[in-house]
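Trainee: Contents of upload_19.cif (mmCIF, C-alpha atoms and all ligand atoms) are given next:
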data_work
#
loop_
_atom_site.label_atom_id
_atom_site.label_comp_id
_atom_site.auth_asym_id
_atom_site.auth_seq_id
_atom_site.Cartn_x
_atom_site.Cartn_y
_atom_site.Cartn_z
CA MET F 125 91.44 93.44 81.65
CA ARG F 126 94.69 92.77 83.50
CA ILE F 127 95.07 92.36 87.23
CA LEU F 128 97.72 94.03 89.38
CA GLY F 129 98.22 92.43 92.79
CA LEU F 130 99.32 94.85 95.50
CA THR F 131 100.67 93.38 98.69
CA GLY F 132 103.09 93.93 101.56
CA GLY F 133 103.47 93.22 105.26
CA ILE F 134 101.58 95.04 108.00
CA GLY F 135 102.47 98.75 108.12
CA MET F 136 104.56 98.70 104.92
CA GLY F 137 102.45 101.46 103.30
CA LYS F 138 100.14 99.34 101.16
CA SER F 139 96.99 101.32 101.88
CA THR F 140 98.82 104.57 101.11
CA VAL F 141 99.97 103.21 97.73
CA ALA F 142 96.47 101.82 97.06
CA ARG F 143 95.01 105.27 97.69
CA MET F 144 97.47 106.80 95.21
CA LEU F 145 96.51 104.23 92.56
CA ARG F 146 92.82 104.90 93.18
CA ARG F 147 93.45 108.59 92.70
CA ALA F 148 95.21 107.78 89.40
CA GLY F 149 91.92 106.22 88.23
CA PHE F 150 92.44 102.51 88.89
CA PRO F 151 89.66 100.46 90.47
CA VAL F 152 91.07 98.99 93.72
CA PHE F 153 89.74 96.08 95.77
CA ASP F 154 90.68 96.54 99.44
CA ALA F 155 90.71 93.12 101.14
CA ASP F 156 91.12 94.59 104.65
CA ALA F 157 88.04 96.78 104.09
CA ALA F 158 86.13 93.72 102.84
CA VAL F 159 87.12 91.86 106.04
CA HIS F 160 85.96 94.77 108.17
CA ALA F 161 82.62 94.95 106.33
CA LEU F 162 82.07 91.21 106.85
CA GLN F 163 82.75 91.74 110.55
CA ALA F 164 80.67 94.92 110.97
CA PRO F 165 77.29 94.80 112.76
CA GLY F 166 75.03 92.63 110.60
CA GLY F 167 78.10 91.34 108.71
CA ARG F 168 77.94 87.84 107.21
CA ALA F 169 80.93 86.55 109.19
CA LEU F 170 79.71 87.49 112.68
CA PRO F 171 77.69 84.39 113.61
CA ALA F 172 80.57 82.01 112.79
CA ILE F 173 83.12 84.23 114.58
CA GLY F 174 80.91 84.33 117.67
CA ARG F 175 80.95 80.52 117.72
CA LEU F 176 84.73 80.36 117.12
CA VAL F 177 85.65 82.79 119.92
CA PRO F 178 82.89 82.95 122.54
CA GLY F 179 82.68 86.45 123.99
CA SER F 180 84.13 88.17 120.92
CA VAL F 181 80.68 89.18 119.62
CA ARG F 182 78.38 90.96 122.06
CA ASP F 183 75.07 92.64 121.16
CA GLY F 184 75.82 92.03 117.48
CA MET F 185 79.16 93.88 117.71
CA LEU F 186 82.59 92.34 117.22
CA ASP F 187 85.28 93.33 119.71
CA ARG F 188 88.30 93.35 117.34
CA ALA F 189 90.81 93.61 120.17
CA VAL F 190 89.38 90.46 121.82
CA LEU F 191 89.45 88.59 118.49
CA ARG F 192 92.97 89.80 117.69
CA ARG F 193 94.28 88.72 121.09
CA ALA F 194 92.69 85.27 120.68
CA ALA F 195 94.05 84.92 117.13
CA VAL F 196 97.57 86.01 118.13
CA ALA F 197 97.62 83.70 121.15
CA ASP F 198 96.33 80.57 119.44
CA ARG F 199 97.25 79.48 115.94
CA ALA F 200 94.16 77.25 115.72
CA VAL F 201 91.91 80.29 116.31
CA LEU F 202 93.65 82.23 113.54
CA LYS F 203 93.30 79.26 111.16
CA GLY F 204 89.61 78.95 112.05
CA LEU F 205 89.11 82.66 111.46
CA GLU F 206 90.83 82.44 108.07
CA ARG F 207 88.63 79.48 107.12
CA ILE F 208 85.58 81.64 107.82
CA ILE F 209 86.83 84.86 106.23
CA HIS F 210 88.87 83.91 103.17
CA PRO F 211 86.11 82.24 101.09
CA MET F 212 83.88 85.28 101.73
CA VAL F 213 86.66 87.69 100.71
CA ARG F 214 87.23 85.67 97.52
CA GLN F 215 83.55 86.03 96.69
CA GLU F 216 83.67 89.82 97.19
CA ARG F 217 86.86 89.99 95.12
CA ASP F 218 85.26 88.12 92.21
CA ARG F 219 82.27 90.46 92.27
CA PHE F 220 84.63 93.43 92.18
CA LEU F 221 86.54 91.97 89.22
CA ALA F 222 83.33 91.34 87.29
CA ARG F 223 82.24 94.96 87.86
CA ALA F 224 85.64 96.34 86.79
CA ARG F 225 85.56 94.18 83.65
CA ARG F 226 82.07 95.39 82.77
CA ALA F 227 83.17 99.00 83.26
CA GLY F 228 85.88 98.43 80.63
CA HIS F 229 88.97 99.09 82.77
CA SER F 230 92.30 97.93 81.35
CA TRP F 231 93.69 97.21 84.86
CA ALA F 232 92.13 96.34 88.20
CA VAL F 233 94.12 96.35 91.45
CA LEU F 234 93.79 93.74 94.21
CA ASP F 235 95.09 95.19 97.49
CA VAL F 236 95.46 92.03 99.59
CA PRO F 237 97.83 91.71 102.58
CA LEU F 238 97.96 87.92 102.29
CA LEU F 239 98.05 87.77 98.48
CA PHE F 240 100.93 85.24 98.27
CA GLU F 241 99.92 83.34 101.41
CA THR F 242 96.44 82.67 99.97
CA GLY F 243 97.57 81.97 96.37
CA GLY F 244 95.77 85.09 95.12
CA ASP F 245 98.89 85.97 93.12
CA ARG F 246 97.99 83.21 90.65
CA LEU F 247 95.13 85.42 89.45
CA CYS F 248 97.42 88.40 88.85
CA ASP F 249 99.22 89.42 85.67
CA ARG F 250 101.66 91.43 87.73
CA VAL F 251 102.41 91.78 91.44
CA ALA F 252 103.74 94.90 93.17
CA VAL F 253 105.14 94.54 96.69
CA VAL F 254 105.24 97.51 99.03
CA SER F 255 108.27 97.43 101.28
CA ALA F 256 110.09 99.44 103.94
CA PRO F 257 112.99 98.59 106.30
CA PRO F 258 111.95 96.47 109.32
CA GLU F 259 112.57 99.26 111.83
CA VAL F 260 110.30 101.63 109.85
CA GLN F 261 107.63 98.91 109.70
CA ALA F 262 107.78 98.28 113.47
CA TYR F 263 107.62 102.00 114.22
CA ARG F 264 104.61 102.60 111.97
CA VAL F 265 102.60 99.69 113.31
CA ALA F 266 103.30 100.54 116.95
CA ARG F 267 102.43 104.20 116.40
CA ARG F 268 99.24 103.75 114.44
CA ARG F 269 97.62 100.73 115.99
CA GLY F 270 98.73 100.92 119.57
CA MET F 271 99.57 97.22 119.44
CA ALA F 272 101.90 95.75 122.05
CA PRO F 273 105.37 94.97 120.60
CA ALA F 274 104.79 91.23 121.16
CA GLU F 275 101.52 91.41 119.18
CA VAL F 276 103.26 93.24 116.33
CA ALA F 277 105.99 90.59 116.27
CA ALA F 278 103.39 87.78 116.26
CA VAL F 279 101.52 89.25 113.27
CA ILE F 280 104.75 89.79 111.32
CA ALA F 281 105.85 86.23 112.12
CA ARG F 282 102.65 84.91 110.54
CA GLN F 283 103.22 86.72 107.26
CA MET F 284 105.59 85.63 104.50
CA PRO F 285 108.96 87.36 105.08
CA ASP F 286 109.33 90.67 103.24
CA ARG F 287 112.47 89.35 101.49
CA GLU F 288 110.50 86.43 100.03
CA LYS F 289 107.68 88.73 98.89
CA ARG F 290 110.17 91.01 97.15
CA ARG F 291 111.77 88.01 95.46
CA ARG F 292 108.41 87.03 93.99
CA ALA F 293 107.39 90.57 92.97
CA ASP F 294 107.40 92.05 89.49
CA ASP F 295 107.67 95.52 91.03
CA VAL F 296 108.91 96.61 94.46
CA ILE F 297 107.67 99.95 95.76
CA ARG F 298 109.84 101.30 98.57
CA THR F 299 108.03 103.47 101.08
CA GLY F 300 110.83 104.02 103.63
CA LEU F 301 111.42 107.63 102.57
CA SER F 302 109.04 110.58 102.20
CA ARG F 303 105.48 110.43 100.94
CA ASN F 304 106.59 112.43 97.88
CA ASP F 305 109.19 109.81 97.14
CA THR F 306 106.51 107.08 97.43
CA MET F 307 104.29 109.10 95.08
CA ARG F 308 107.11 109.30 92.50
CA ARG F 309 107.59 105.52 92.69
CA VAL F 310 103.85 104.96 92.23
CA ARG F 311 103.89 107.24 89.18
CA ARG F 312 106.69 105.16 87.69
CA LEU F 313 104.65 102.01 88.27
CA VAL F 314 101.61 103.61 86.61
CA ALA F 315 103.81 104.52 83.61
CA ARG F 316 104.95 100.87 83.35
CA LEU F 317 101.33 99.67 83.44
CA ARG F 318 100.33 102.14 80.73
CA ALA F 319 103.34 101.12 78.62
CA GLU F 320 102.17 97.51 78.89
CA ASP F 321 98.69 98.60 77.66
CA GLY F 322 100.35 100.23 74.65
CA MET F 323 102.44 97.14 73.84
CA ARG F 324 99.42 94.92 74.07
CA LEU F 325 97.29 97.11 71.80
CA ARG F 326 100.09 97.23 69.23
CA ALA F 327 100.46 93.45 69.39
CA GLU F 328 96.74 93.17 68.68
CA GLY F 329 97.18 95.49 65.69
CA LYS F 330 95.38 98.42 67.35
CA THR F 331 97.31 101.65 67.83
CA PRO F 332 96.75 103.23 71.25
C1 LIG F 401 92.87 89.29 113.35
C2 LIG F 401 91.98 90.52 113.15
C3 LIG F 401 90.71 90.42 113.95
C4 LIG F 401 92.76 91.77 113.65
O1 LIG F 401 92.01 92.95 113.45
P1 LIG F 401 92.73 94.38 113.43
O2 LIG F 401 91.66 95.42 113.40
O3 LIG F 401 93.73 94.45 114.55
O4 LIG F 401 93.61 94.41 112.11
P2 LIG F 401 93.15 94.55 110.56
O5 LIG F 401 92.01 93.67 110.23
O6 LIG F 401 93.00 95.99 110.22
O7 LIG F 401 94.42 93.93 109.80
C5 LIG F 401 95.64 94.66 109.78
C6 LIG F 401 96.76 93.87 109.21
O8 LIG F 401 97.00 92.68 109.97
C7 LIG F 401 97.53 91.70 109.11
N1 LIG F 401 96.68 90.47 109.17
C8 LIG F 401 95.34 90.40 109.26
N2 LIG F 401 94.90 89.13 109.25
C9 LIG F 401 96.03 88.38 109.15
C10 LIG F 401 96.26 86.99 109.06
N3 LIG F 401 95.25 86.12 109.09
N4 LIG F 401 97.55 86.56 108.95
C11 LIG F 401 98.59 87.43 108.91
N5 LIG F 401 98.42 88.76 108.98
C12 LIG F 401 97.17 89.23 109.10
C13 LIG F 401 97.52 92.30 107.70
O9 LIG F 401 98.78 92.87 107.43
C14 LIG F 401 96.49 93.39 107.79
O10 LIG F 401 96.69 94.42 106.87
C15 LIG F 401 91.62 90.71 111.65
O11 LIG F 401 92.75 91.13 110.93
C16 LIG F 401 91.05 89.46 110.98
O12 LIG F 401 89.89 89.14 111.15
N6 LIG F 401 91.91 88.72 110.24
C17 LIG F 401 91.51 87.48 109.60
C18 LIG F 401 91.18 87.68 108.17
C19 LIG F 401 92.39 87.80 107.31
O13 LIG F 401 93.08 86.82 107.04
N7 LIG F 401 92.66 89.02 106.84
C20 LIG F 401 93.75 89.32 105.97
C21 LIG F 401 93.28 89.92 104.67
S1 LIG F 401 92.67 88.73 103.51
N1 LIG F 402 106.57 107.43 102.55
C1 LIG F 402 105.51 106.80 103.03
N2 LIG F 402 104.80 105.96 102.24
C2 LIG F 402 103.77 105.28 102.73
N3 LIG F 402 103.32 105.38 104.01
C3 LIG F 402 103.95 106.22 104.84
C4 LIG F 402 105.08 106.94 104.39
N4 LIG F 402 105.52 107.67 105.42
C5 LIG F 402 104.73 107.40 106.46
N5 LIG F 402 103.77 106.53 106.15
C6 LIG F 402 102.76 106.04 107.12
O1 LIG F 402 102.92 104.65 107.38
C7 LIG F 402 101.73 104.12 107.95
C8 LIG F 402 101.41 102.76 107.37
O2 LIG F 402 100.92 102.92 106.06
P1 LIG F 402 99.62 102.16 105.49
O3 LIG F 402 98.46 102.36 106.38
O4 LIG F 402 99.54 102.56 104.07
O5 LIG F 402 100.18 100.67 105.66
P2 LIG F 402 99.54 99.27 105.33
O6 LIG F 402 100.64 98.49 104.67
O7 LIG F 402 98.27 99.40 104.64
O8 LIG F 402 99.38 98.78 106.80
P3 LIG F 402 98.36 97.76 107.51
O9 LIG F 402 98.67 96.43 106.93
O10 LIG F 402 98.80 97.91 108.91
O11 LIG F 402 96.97 98.25 107.25
C9 LIG F 402 100.63 105.14 107.70
O12 LIG F 402 100.33 105.76 108.92
C10 LIG F 402 101.28 106.10 106.71
O13 LIG F 402 100.77 107.40 106.88
#
Please, can you express the file's structure as structure tokens?

Mentor:
Amino acid sequence: MRILGLTGGIGMGKSTVARMLRRAGFPVFDADAAVHALQAPGGRALPAIGRLVPGSVRDGMLDRAVLRRAAVADRAVLKGLERIIHPMVRQERDRFLARARRAGHSWAVLDVPLLFETGGDRLCDRVAVVSAPPEVQAYRVARRRGMAPAEVAAVIARQMPDREKRRRADDVIRTGLSRNDTMRRVRRLVARLRAEDGMRLRAEGKTP
């Protein structure tokens, strides 16, 4: 089984592309969803987060806005949060990969916002970066999340610059135009992945 890493900055359209890949039949690991599950009521990460940011967990419920404000305001809080969350996400990811392997998939997709920042790309056979112009990114984030412009800027500043991600990518999927255009680009990526399957089977002396 080969691994496709899917990454991109906040609001670049990563989840949309991940959904399209899932619909095309690929198993997709969603790191943001794994984080949310770890932070949901009863989630494994809650006790440690409650100790890190007193007042962020009340009656067994995490107040994400409180945690986000604390993490954006103080780099040490964000680092502490990452130290709690990232090892747990890696564990979930490895379980997902084992399941996908057992199910006999030829590709599995890791949808991880901080793929390069956390070295997750080393596990991948190929990395696709989802990208849109900065003004489109800012507009999408502000519209969907209702984050203050300063908060948006702080999150973006903590991620690897889009230019650097694109430089490291095997594939760049532009999402600045219409959804149909994004869909066409995803189809082209899927065709490249399938072509790689064919080449590999032929190299192993098996005809696809
Ligand atoms: C800071 C938190 C509470 C903000 O919650 P919120 O509901 O506002 O955002 P959500 O979790 O949906 O994340 C949205 C986007 O923010 C960006 N982001 C999240 N965490 C980080 C981080 N540590 N560094 C840089 N960008 C981040 C990503 O682009 C992500 O897709 C939350 O993101 C969190 O707990 N982050 C720490 C865990 C982490 O590193 N997650 C990244 C995926 S591995
Ligand atoms: N052509 C397009 N391709 C992808 N997304 C688009 C497009 N046009 C508009 N959008 C919108 O952009 C927004 C951001 O997309 P998405 O949620 O996929 O981003 P993301 O990279 O997963 O963001 P986040 O890191 O904030 O979760 C969504 O509301 C989506 O509907």

Trainee: Neighbouring residues of ligand LIG 401 (chain F) are defined here as those with any atom at most 9 Å from a ligand atom, counting all atoms listed in the file; list them as an MDAnalysis selection string.

Mentor: chainID F and resid 131:136 138:139 154:160 163 186:196 202:203 205:210 213:214 236:239 241:242 269 271 276 278:284

Trainee: What does the list of residues within 9 Å of ligand LIG 402 (chain F) look like if you count only C-alpha atoms and all ligand atoms, written as a PyMOL selection string?

Mentor: chain F and resi 131-143+156+235+237+254-256+260-261+263-265+267-269+298-307

Trainee: Taking the point (96.1, 93.5, 88.3) as given in the file, collect each protein or nucleic acid residue that comes within 7 Å of it, counting all atoms listed in the file, and present the set as a ChimeraX atom specification.

Mentor: /F:126-129,231-234,248-250

Trainee: Considering only C-alpha atoms, return as a PyMOL selection string whatever protein or nucleic-acid residues lie within 8 Å of F:Gly184, sequence-local ones (same chain, fewer than 4 positions apart) excluded.

Mentor: chain F and resi 165-166+170

Trainee: Mind giving me the straight-line distance from atom CA of F:Val251 to atom CA of F:Leu130 in Å, one decimal?

Mentor: 6.0 Å

Trainee: How many Å separate atom CA of F:Lys289 from atom CA of F:Arg146?

Mentor: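 So the two atoms, atom CA of F:Lys289 and atom CA of F:Arg146, lie 22.7 Å apart.
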
Trainee: What is the distance, in Å and to one decimal place, between atom CA of F:Met323 and atom CA of F:Ser230?

Mentor: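 Interatomic distance here is 12.6 Å.
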
Trainee: Taking all atoms listed in the file into account, name the residue in F:Ala274, F:Phe153, F:Arg168, F:Arg175 that is nearest to F:Asp218.

Mentor: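 Result for the nearest residue to F:Asp218: F:Phe153.
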
Trainee: Which of these, F:Ile173, F:Ala224, F:Val181, F:Val310, has the shortest distance to F:Val201 once you count only C-alpha atoms?

Mentor: F:Ile173

Trainee: Using the file's own x, y and z axes, so that the box edges lie along x, y and z, what centre and edge lengths in Å (one decimal) does a box around every listed atom of stretch 131-147 of chain F get when 6 Å is added on each side? Give it as lines of an AutoDock Vina configuration file.

Mentor:
center_x = 98.7
center_y = 100.9
center_z = 100.3
size_x = 23.7
size_y = 27.4
size_z = 27.6

Trainee: Which one of F:Asp183, F:Asp286, F:Glu275, F:Asp294 sits closest to F:Ala197 if you count only C-alpha atoms?

Mentor: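 Using only C-alpha atoms, F:Ala197 sits closest to F:Glu275.
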
Trainee: From the list F:Val152, F:Ala252, F:Gly244, F:Glu328, which residue is nearest F:Val296 when using all atoms listed in the file?

Mentor: F:Ala252

Trainee: Counting all atoms listed in the file, which of F:Pro151, F:Leu145, F:Leu162, F:Arg326 gets nearest to F:Gln215?

Mentor: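 Among the listed residues, F:Leu162 lies closest to F:Gln215.
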
Trainee: Restrict the output to stretch 231-254 of chain F and N, CA and C atoms, then write it as a PDB file, in the first residue's frame.

Mentor:
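Produced file result39.pdb, reproduced below:
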ATOM      1  N   TRP F 231      -3.840   2.579  -2.147  1.00  0.00           N
ATOM      2  CA  TRP F 231      -3.443   3.886  -1.622  1.00  0.00           C
ATOM      3  C   TRP F 231      -4.257   4.209  -0.371  1.00  0.00           C
ATOM      4  N   ALA F 232      -3.624   4.876   0.575  1.00  0.00           N
ATOM      5  CA  ALA F 232      -4.354   5.467   1.695  1.00  0.00           C
ATOM      6  C   ALA F 232      -3.958   6.942   1.741  1.00  0.00           C
ATOM      7  N   VAL F 233      -4.903   7.796   2.138  1.00  0.00           N
ATOM      8  CA  VAL F 233      -4.658   9.240   2.147  1.00  0.00           C
ATOM      9  C   VAL F 233      -4.570   9.745   3.585  1.00  0.00           C
ATOM     10  N   LEU F 234      -3.525  10.537   3.873  1.00  0.00           N
ATOM     11  CA  LEU F 234      -3.409  11.178   5.187  1.00  0.00           C
ATOM     12  C   LEU F 234      -3.678  12.667   5.006  1.00  0.00           C
ATOM     13  N   ASP F 235      -4.839  13.104   5.478  1.00  0.00           N
ATOM     14  CA  ASP F 235      -5.224  14.519   5.396  1.00  0.00           C
ATOM     15  C   ASP F 235      -4.782  15.173   6.703  1.00  0.00           C
ATOM     16  N   VAL F 236      -3.634  15.847   6.661  1.00  0.00           N
ATOM     17  CA  VAL F 236      -3.022  16.393   7.883  1.00  0.00           C
ATOM     18  C   VAL F 236      -2.577  17.838   7.637  1.00  0.00           C
ATOM     19  N   PRO F 237      -3.182  18.807   8.326  1.00  0.00           N
ATOM     20  CA  PRO F 237      -2.808  20.209   8.105  1.00  0.00           C
ATOM     21  C   PRO F 237      -1.323  20.471   8.376  1.00  0.00           C
ATOM     22  N   LEU F 238      -0.769  19.829   9.394  1.00  0.00           N
ATOM     23  CA  LEU F 238       0.628  20.087   9.749  1.00  0.00           C
ATOM     24  C   LEU F 238       1.531  18.931   9.298  1.00  0.00           C
ATOM     25  N   LEU F 239       1.265  18.393   8.127  1.00  0.00           N
ATOM     26  CA  LEU F 239       2.021  17.214   7.664  1.00  0.00           C
ATOM     27  C   LEU F 239       3.530  17.491   7.615  1.00  0.00           C
ATOM     28  N   PHE F 240       3.935  18.601   6.987  1.00  0.00           N
ATOM     29  CA  PHE F 240       5.369  18.910   6.879  1.00  0.00           C
ATOM     30  C   PHE F 240       5.923  19.330   8.242  1.00  0.00           C
ATOM     31  N   GLU F 241       5.156  20.152   8.955  1.00  0.00           N
ATOM     32  CA  GLU F 241       5.623  20.694  10.235  1.00  0.00           C
ATOM     33  C   GLU F 241       5.910  19.578  11.247  1.00  0.00           C
ATOM     34  N   THR F 242       5.169  18.451  11.134  1.00  0.00           N
ATOM     35  CA  THR F 242       5.345  17.370  12.104  1.00  0.00           C
ATOM     36  C   THR F 242       6.172  16.210  11.530  1.00  0.00           C
ATOM     37  N   GLY F 243       6.705  16.371  10.310  1.00  0.00           N
ATOM     38  CA  GLY F 243       7.538  15.316   9.719  1.00  0.00           C
ATOM     39  C   GLY F 243       6.733  14.128   9.203  1.00  0.00           C
ATOM     40  N   GLY F 244       5.408  14.281   9.163  1.00  0.00           N
ATOM     41  CA  GLY F 244       4.549  13.195   8.674  1.00  0.00           C
ATOM     42  C   GLY F 244       4.791  12.884   7.200  1.00  0.00           C
ATOM     43  N   ASP F 245       5.368  13.849   6.481  1.00  0.00           N
ATOM     44  CA  ASP F 245       5.617  13.629   5.046  1.00  0.00           C
ATOM     45  C   ASP F 245       6.631  12.507   4.812  1.00  0.00           C
ATOM     46  N   ARG F 246       7.464  12.235   5.822  1.00  0.00           N
ATOM     47  CA  ARG F 246       8.466  11.170   5.663  1.00  0.00           C
ATOM     48  C   ARG F 246       7.819   9.799   5.463  1.00  0.00           C
ATOM     49  N   LEU F 247       6.573   9.684   5.924  1.00  0.00           N
ATOM     50  CA  LEU F 247       5.847   8.412   5.818  1.00  0.00           C
ATOM     51  C   LEU F 247       5.191   8.257   4.445  1.00  0.00           C
ATOM     52  N   CYS F 248       5.151   9.361   3.680  1.00  0.00           N
ATOM     53  CA  CYS F 248       4.330   9.391   2.469  1.00  0.00           C
ATOM     54  C   CYS F 248       5.149   9.056   1.225  1.00  0.00           C
ATOM     55  N   ASP F 249       4.514   8.373   0.270  1.00  0.00           N
ATOM     56  CA  ASP F 249       5.154   8.082  -1.000  1.00  0.00           C
ATOM     57  C   ASP F 249       4.995   9.265  -1.938  1.00  0.00           C
ATOM     58  N   ARG F 250       3.981  10.086  -1.633  1.00  0.00           N
ATOM     59  CA  ARG F 250       3.678  11.213  -2.491  1.00  0.00           C
ATOM     60  C   ARG F 250       2.933  12.235  -1.642  1.00  0.00           C
ATOM     61  N   VAL F 251       3.168  13.528  -1.904  1.00  0.00           N
ATOM     62  CA  VAL F 251       2.463  14.549  -1.125  1.00  0.00           C
ATOM     63  C   VAL F 251       1.769  15.521  -2.079  1.00  0.00           C
ATOM     64  N   ALA F 252       0.475  15.731  -1.854  1.00  0.00           N
ATOM     65  CA  ALA F 252      -0.289  16.715  -2.623  1.00  0.00           C
ATOM     66  C   ALA F 252      -0.588  17.905  -1.711  1.00  0.00           C
ATOM     67  N   VAL F 253      -0.311  19.101  -2.212  1.00  0.00           N
ATOM     68  CA  VAL F 253      -0.577  20.318  -1.439  1.00  0.00           C
ATOM     69  C   VAL F 253      -1.732  21.070  -2.089  1.00  0.00           C
ATOM     70  N   VAL F 254      -2.694  21.431  -1.251  1.00  0.00           N
ATOM     71  CA  VAL F 254      -3.868  22.161  -1.702  1.00  0.00           C
ATOM     72  C   VAL F 254      -3.596  23.643  -1.489  1.00  0.00           C
TER      73      VAL F 254
END
